[in-house]
2 protein chains.
Amino acid sequence: MTRKRTIERRWVLALAVAVIVAAGAQLSARQSLTAEWRAQHERQIVDELIALVAIPNVAATNDADLLKNVALLTEMFRRRGFTVEATRDAVSPVILASLDVPQPRGTLTIYIHYDGQPVTASEWTRCGGPFTPCVIGPSGRIALGAGVTSFSPDWRIYGRSASDDKAPIVALVSAVDALKAAGHNPAWNLRVVLDGQEEAGSVNFRRFAAERAGAITSDLAIMLDGPRHPSGRPTVYFGVRGGAGLTVTVYGAKRDLHSGNYGNWAPDPSMRLAQLLATMKDDNGRVLIEGFYADVTPLTPTESRALDEAPNVEALLKKEFAVAQPERAEERLERKLNTPTLSVLAMESGGGLDAPARSAIPRLAAARLEMRLVNGLVPAKQTDLVVAHIRKQGYFVVLDRDPTDEERVTHPRLARVDRRGGNPASRVSMDDPMGRAVVAALSQNGVVPVLLPTLGGSMPYGSFSDQLKLPTVGISIVNYDNNQHGPDENLRIGNLWEGIEMLASVLTMAK
Amino acid sequence: MTRKRTIERRWVLALAVAVIVAAGAQLSARQSLTAEWRAQHERQIVDELIALVAIPNVAATNDADLLKNVALLTEMFRRRGFTVEATRDAVSPVILASLDVPQPRGTLTIYIHYDGQPVTASEWTRCGGPFTPCVIGPSGRIALGAGVTSFSPDWRIYGRSASDDKAPIVALVSAVDALKAAGHNPAWNLRVVLDGQEEAGSVNFRRFAAERAGAITSDLAIMLDGPRHPSGRPTVYFGVRGGAGLTVTVYGAKRDLHSGNYGNWAPDPSMRLAQLLATMKDDNGRVLIEGFYADVTPLTPTESRALDEAPNVEALLKKEFAVAQPERAEERLERKLNTPTLSVLAMESGGGLDAPARSAIPRLAAARLEMRLVNGLVPAKQTDLVVAHIRKQGYFVVLDRDPTDEERVTHPRLARVDRRGGNPASRVSMDDPMGRAVVAALSQNGVVPVLLPTLGGSMPYGSFSDQLKLPTVGISIVNYDNNQHGPDENLRIGNLWEGIEMLASVLTMAK
């Protein structure tokens, strides 16, 4: 369905709202049936998630393990009556799990990913490491003996992808289970796409979306990824940040030089890199690169209002993350997500701080920079702005290759820039009726979802919204403080419980 | 002997100079005898050095290997008639090898070290790694078959400590061998001290020097360490740089935070560290920390003249190290060595550039700073200046410990500083008669040694010059481009040949 059919769908929506209002009691009843089913199956749900998290899933690094994920996921969806197929990609196949129901109101495409960010096992302090998940309560690890059938909502499951993004998979199949136990089917045909490469650029998925457009074109695409707003309220988003990156290397002498014999003579590449980076942002985190904010698409009045209506969580975040003053302190978080970023994700010289200390001035220093982009920004252009800025600081820049000796002896300031490509941001209208239907389905019993024009993450949202031209919304289930992408990633179990109920509502929502 | 006896020794020196002039022809003859003996024993000398370099010797990290060095060194000196003892330190013993000769002109204490800087084996591109030394010629590795008995002076031996500082050990015992082969003894009793911890602060040696002062007090202490002046001329130095260091850690949020969800909110510790470091030095490498140069002892007219007389090697160094513009470009190298330095030896955030790329803003960033000091500077005071500078940039500084959560939420700019202590510089008068005797002994056949007030390195020179009040000079043997402290450390074999001749001259020098 394309946006050209919006007007027609507005009538449908009006009808749907009427149905929702009339059926309020019935929906509430279904919700409480879901909650009841969940209460009786908590152990089974937790066990299913733990089994899934226990399979290593580092994006694009470990075929054998990723294929074990594929095998288990295939089995999980088949058991619920889905037809499952997977692409034959050597690495990170895309899984498509389809369920057709009698008298469907239409079709929903649901996107989730099963791969996870790289891990440094030694940094994980809970459970047995990133792929040895366990449940942690206020007094430590919960021994999962046979008698444990109930879990406090505030207990957490630790492990890579416990939150990002395996919890939504288990929430979805559990929602289907709960509906079935109550004698219901989803009201919509389902096309669940499981991406195995989201943390590594979704290369296979993007190809799949182009080649198999027909298989995943539907009335609405739903992205199940990303954390809830820090207020903890159910969160619906209408776009994602894009991204681009580059690595900057600055050179000193051709070799590491003894700091006693050559200190004050040898150029100090760490210091030069520091001086270069320092020109890129001011004290308050505002990017000083010329034109960096120039092409940003302004927020619409609806978007701007939604941001203002989101609960203010500044004090909460500062306390949670022990931060005295965030970047761009004058702006609230939700607005910051609609502004491009420039961050240093990694920096190194001299082998880093853990290498044995040598009395030598390193021959180079490097920093990995990342930009998060918003609507209006073109990744390659934004990267070019950074390169132009480096040149303006007097640097001779070589792109994607080492400098020659000739270049070294010619240019006092010499930098190598490696560009990593990128993806544009994507944002759809908050006024689309299918999006409103989702918001309505989630607005039960006085719950008011937080609506965000842009989620922080960079998922292949645009494959649905821009390429397939589908109405596309994202639903966030997991806790904001899940430490995703870092060590000790975790899921608050209560968020899983609520996720099951939210998805049961969406799967049975009115058109 | 103390400096109080300088006047008395001046007479002795005058006599000695007369003897040298009279005996010029005889000395030259001895030199050529040494060269002749060396030409007949090149393979044996190279084999002895290779065997010594093959024993791993990373300072203070590997007792068992360091003790193997001690065993071989003990055997090497005993074979030359030395009495050898070693301290019972569990790590890095100090070795004292003593030789008494008939009718000595006095006693020389000779300091060398047998430990080496840490290595990153993967960075070594020549031979088989840091402790698998070999000989490399212009066309690559020289196969050391039984028939190889002669070595081109421009060939090099690669391996950790090939230059720093095992070559001087082999040069010394070979000089003794050469003298013996010509029917001579050294003219001086010898006290050779071999330090096993020079690259890790010489803790054991400093204690040894205090406890066994009598055993190493003599007419002159000679440091055999450090590279020659880049001109390649024999080099005598009269002091060494001191050193001090500190590690600066700057904090962001308490945890790594997803760069999409928290970019523009999470403080960026790498950027903050860059901004902080950028305030410490100007573009030209001049340190901007208040008072950093204030207490430097000025050069004497003799020292200043010696610097001006050293060959100018700027063009040579720029080409050799592929540098377009050195730090403090307005000053020549030799003067830079008499100016304190501040260098960033290592820097890290986000696990460094080799860690798997994660889309997270790191929770901290750190840099290891090193200062090289000159006479007049007190290590602790110089370190305090850096800390005061960090505070002046608005940072709340905690010393040698992690900040508390309370401190994190209170101070937008928060740094941890770990101080590593240090050692002061040491410099003696260039006018001392014993030093002049060494210079005279090395000034044969038109050779004019380069005289430097200060060598770049930081060895325990002060244990002799300041604690024992001995006249102390350093003699540099090895090539300047030896890559010491880095990967692919190497020794130009011609420097070893010349080192043997230089030491034979010194061991037989007039009083």
# chains A, B, ... in the order shown; residues from 1 in each chain; ligands from 1
>>> interface_residues(of="chain B", to="chain A", cutoff="6 Å", atoms="only C-alpha atoms", output="number ranges by chain")
B: 118, 253-254, 256, 260-261, 263-267, 270, 274-275, 278, 321-327, 336, 341, 344-350, 352-353, 356, 361, 405, 408-412, 456-457, 486
>>> select_by_dssp(residues="stretch 428-475 of chain A", states="strand (DSSP E)", output="CSV table (one decimal) with N, CA and C atoms, in the first residue's frame")
chain,number,residue,atom,x,y,z
A,450,VAL,N,5.0,7.4,24.1
A,450,VAL,CA,5.8,8.5,23.7
A,450,VAL,C,6.0,8.4,22.2
A,451,LEU,N,5.8,9.4,21.4
A,451,LEU,CA,5.9,9.4,20.0
A,451,LEU,C,7.2,10.2,19.6
A,452,LEU,N,8.1,9.5,18.9
A,452,LEU,CA,9.4,10.2,18.5
A,452,LEU,C,9.5,10.2,17.0
A,472,THR,N,5.6,3.1,7.8
A,472,THR,CA,6.6,2.4,8.6
A,472,THR,C,6.6,3.1,10.0
A,473,VAL,N,6.5,2.2,11.0
A,473,VAL,CA,6.7,2.8,12.4
A,473,VAL,C,7.5,1.8,13.1
A,474,GLY,N,8.1,2.3,14.2
A,474,GLY,CA,8.9,1.4,15.0
A,474,GLY,C,8.3,1.4,16.4
A,475,ILE,N,8.4,0.2,17.0
A,475,ILE,CA,7.9,0.1,18.4
A,475,ILE,C,9.0,-0.4,19.3
>>> select_by_dssp(residues="stretch 280-337 of chain B", states="alpha helix (DSSP H)", output="number ranges by chain")
B: 301-309, 314-321, 333-336
>>> residues_around(residues="stretch 38-55 of chain A", least_positions_apart="2", cutoff="10 Å", atoms="only C-alpha atoms", output="NGL selection string")
:A and (32-36 or 57-58 or 65-69 or 72-73 or 76 or 114 or 116 or 129-135 or 144 or 146-152 or 157-163 or 165-171 or 173-175 or 177-178 or 493 or 496-498 or 500-501)
>>> residues_around(residues="A:Gly245", least_positions_apart="4", cutoff="7 Å", atoms="only C-alpha atoms", output="list in words")
Leu369, Glu370, Met371, Arg419, Arg420, Gly421 and Gly422 of chain A
>>> residues_around(residues="B:Arg228", least_positions_apart="4", cutoff="9 Å", atoms="only C-alpha atoms", output="compact mmCIF listing (two decimals) with N, CA and C atoms, in the first residue's frame")
# COMPACT_ATOMS: atom_id res chain seq x y z
N GLY B 232 77.22 10.33 13.11
CA GLY B 232 77.97 9.08 13.06
C GLY B 232 79.31 9.18 13.77
N ARG B 233 79.68 10.35 14.24
CA ARG B 233 80.97 10.50 14.91
C ARG B 233 80.91 9.93 16.32
N PRO B 234 82.07 9.45 16.82
CA PRO B 234 82.10 9.01 18.21
C PRO B 234 81.57 10.12 19.11
N THR B 235 80.82 9.74 20.11
CA THR B 235 80.10 10.73 20.90
C THR B 235 80.38 10.53 22.39
N VAL B 236 80.72 11.63 23.04
CA VAL B 236 80.90 11.60 24.50
C VAL B 236 79.89 12.57 25.09
N VAL B 450 82.04 14.07 18.97
CA VAL B 450 81.02 15.06 19.28
C VAL B 450 80.83 15.06 20.79
N ILE B 475 79.86 7.22 26.81
CA ILE B 475 80.42 7.00 25.47
C ILE B 475 79.36 6.28 24.65
N SER B 476 79.00 6.85 23.52
CA SER B 476 78.00 6.23 22.65
C SER B 476 78.70 5.46 21.55
N ILE B 477 78.26 4.26 21.34
CA ILE B 477 78.88 3.40 20.33
C ILE B 477 77.93 3.16 19.16
N VAL B 478 76.66 2.94 19.46
CA VAL B 478 75.76 2.40 18.44
C VAL B 478 75.22 3.47 17.51
N ASN B 479 74.74 3.03 16.35
CA ASN B 479 74.19 3.93 15.34
C ASN B 479 72.94 4.64 15.85
N TYR B 480 72.78 5.90 15.42
CA TYR B 480 71.63 6.70 15.88
C TYR B 480 70.32 6.15 15.36
>>> residues_around(residues="A:Pro102", least_positions_apart="3", cutoff="12 Å", atoms="only C-alpha atoms", output="list in words")
Leu99, Arg105, Gly106, Thr107, His184, Asn185, Pro186, Ala187, Trp188, Asn189 and Leu190 of chain A
>>> residues_around(residues="B:Gln197", least_positions_apart="6", cutoff="8 Å", atoms="only C-alpha atoms", output="list in words")
Ala59, Ala60, Ser92, His113, Tyr114, Asp115, Val203, Asn204 and Phe205 of chain B
>>> write_last_selection(atoms="C-alpha atoms", output="mmCIF file, in the first residue's frame")
data_model
loop_
_atom_site.group_PDB
_atom_site.id
_atom_site.type_symbol
_atom_site.label_atom_id
_atom_site.label_comp_id
_atom_site.auth_asym_id
_atom_site.auth_seq_id
_atom_site.Cartn_x
_atom_site.Cartn_y
_atom_site.Cartn_z
ATOM 1 C CA ALA B 59 62.723 -5.300 31.663
ATOM 2 C CA ALA B 60 61.084 -6.531 34.842
ATOM 3 C CA SER B 92 66.778 -8.237 37.252
ATOM 4 C CA HIS B 113 72.560 -2.604 31.025
ATOM 5 C CA TYR B 114 71.382 -5.974 29.790
ATOM 6 C CA ASP B 115 67.610 -5.533 29.926
ATOM 7 C CA VAL B 203 65.415 0.112 41.102
ATOM 8 C CA ASN B 204 67.833 -2.674 41.990
ATOM 9 C CA PHE B 205 70.828 -0.825 40.616
#
